[in-house]
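Chemist: One structure, pasted below without further comment.
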Amino acid sequence: MRYKCSHVRVTRILDLIVIALLAAVLLMPRPDVTVKAALRLPTERRERVAELQAAMLGKDDPLPEAIELADIYLDGHRPDWALATVGAVLPLHQDDYRLHHIRAVAFADRFESAPAFEAATRALALCERPAPAAPACGEAARSRLHLLHSTLASVAGVDMRGNPALAKEKIMEQLRPTFIPRRPKPAAPAPTAPTTPKR
């Protein structure tokens, strides 16, 4: 009986050793693996992310923090995180054009043209509401939304993932600056013939 117990104990120890070795093999990074930060941004902006996340946990309606945090996520090319962040506050602020603007940019970053265009259309409609609509939408925000909306309209029916070259071509057509002819330079005055002094 004592032999059987000791045999079971040794077997369990061997099982634990095998599990530990497997964990080491599976979880330890390989030499050819490059570890990258999840959010490739300057250190101060990553620290700001932690501050905003903590602030959001302590508020019932963290709208300003959510907008700032989502903008940082977009800058860090994390559209999924941006969508999740604004999605948490959107039910209470369906009429805030800023949230729909962020959603439009995030969907575009994910190459989802249809929902991006839908969100941009909603954002532009909310932005152009007459006063006293809140939040107020200034001229700069309105201009950005018009540009975003027209750009996304050009690729709304394009499979951006399946045909990225066509999507890029249409976007570049939309974003190409308008040709403004240069003003003609004023004509230079005709040179005067040198005069010889009289003696």
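Residue numbering restarts at 1 in every chain; chains get A, B, ... in the order shown in the structure tokens, and ligands count up from 1 in that same order.
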Can you pull out every residue within 9 Å of range 79-84 of chain A, counting only C-alpha atoms, but drop anything in the same chain fewer than 4 positions away, and send it as JSON, numbers by chain?
Modeler: {"A": [66, 67, 69, 70, 71, 72, 73, 74, 75, 88, 102, 103, 105, 106, 107, 108, 109, 110]}
Chemist: Residues within 10 Å of Leu148 in chain A, please, as a ChimeraX atom specification. Count only C-alpha atoms; anything in the same chain fewer than 4 positions from it doesn't count.
Modeler: /A:101,104-105,108,116-117,120-121,124,142-144,152-153,171,174-175
Chemist: Based on the backbone DSSP call, show me all residues of range 36-85 of chain A assigned alpha helix (DSSP H), as an mmCIF file with C-alpha atoms, in the first residue's frame.
Modeler:
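Okay, this is what ended up in out_1.cif:
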data_model
loop_
_atom_site.group_PDB
_atom_site.id
_atom_site.type_symbol
_atom_site.label_atom_id
_atom_site.label_comp_id
_atom_site.auth_asym_id
_atom_site.auth_seq_id
_atom_site.Cartn_x
_atom_site.Cartn_y
_atom_site.Cartn_z
ATOM 1 C CA THR A 43 5.021 57.224 -23.491
ATOM 2 C CA GLU A 44 3.090 60.260 -22.284
ATOM 3 C CA ARG A 45 0.112 59.352 -24.490
ATOM 4 C CA ARG A 46 0.113 55.763 -23.231
ATOM 5 C CA GLU A 47 0.131 57.118 -19.691
ATOM 6 C CA ARG A 48 -2.801 59.354 -20.642
ATOM 7 C CA VAL A 49 -4.669 56.240 -21.784
ATOM 8 C CA ALA A 50 -4.304 54.726 -18.301
ATOM 9 C CA GLU A 51 -5.550 57.975 -16.717
ATOM 10 C CA LEU A 52 -8.596 58.136 -18.984
ATOM 11 C CA GLN A 53 -9.453 54.476 -18.433
ATOM 12 C CA ALA A 54 -9.327 54.986 -14.674
ATOM 13 C CA ALA A 55 -11.471 58.127 -14.953
ATOM 14 C CA MET A 56 -14.076 56.297 -17.031
ATOM 15 C CA LEU A 57 -14.425 53.604 -14.385
ATOM 16 C CA LEU A 63 -18.364 61.293 -22.356
ATOM 17 C CA PRO A 64 -15.346 63.659 -22.563
ATOM 18 C CA GLU A 65 -12.969 60.917 -21.433
ATOM 19 C CA ALA A 66 -14.416 58.442 -23.941
ATOM 20 C CA ILE A 67 -13.982 60.872 -26.848
ATOM 21 C CA GLU A 68 -10.384 61.675 -25.914
ATOM 22 C CA LEU A 69 -9.542 58.020 -25.339
ATOM 23 C CA ALA A 70 -11.094 56.931 -28.649
ATOM 24 C CA ASP A 71 -9.127 59.619 -30.498
ATOM 25 C CA ILE A 72 -5.908 58.289 -28.957
ATOM 26 C CA TYR A 73 -6.835 54.751 -30.005
ATOM 27 C CA LEU A 74 -7.407 55.953 -33.575
ATOM 28 C CA ASP A 75 -4.004 57.647 -33.557
ATOM 29 C CA PRO A 79 -10.051 51.105 -34.423
ATOM 30 C CA ASP A 80 -11.613 48.165 -32.562
ATOM 31 C CA TRP A 81 -10.721 49.749 -29.234
ATOM 32 C CA ALA A 82 -12.072 53.108 -30.401
ATOM 33 C CA LEU A 83 -15.385 51.523 -31.417
ATOM 34 C CA ALA A 84 -15.684 49.745 -28.066
ATOM 35 C CA THR A 85 -14.926 52.974 -26.195
#
Chemist: List the neighbours of Cys137 in chain A out to 9 Å using only C-alpha atoms; skip same-chain residues closer than 5 positions along the sequence, and give me the result as a PDB file with C-alpha atoms, in the first residue's frame.
Modeler:
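New file result25.pdb:
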ATOM      1  CA  TYR A  97     -22.000  64.021 -33.875  1.00  0.00           C
ATOM      2  CA  ARG A  98     -18.515  63.512 -32.404  1.00  0.00           C
ATOM      3  CA  LEU A 126     -26.252  65.946 -36.633  1.00  0.00           C
ATOM      4  CA  CYS A 127     -23.559  68.535 -37.273  1.00  0.00           C
ATOM      5  CA  GLU A 128     -25.782  70.537 -39.617  1.00  0.00           C
ATOM      6  CA  ARG A 129     -28.735  70.758 -37.234  1.00  0.00           C
ATOM      7  CA  ARG A 142     -18.287  70.735 -40.454  1.00  0.00           C
TER       8      ARG A 142
END
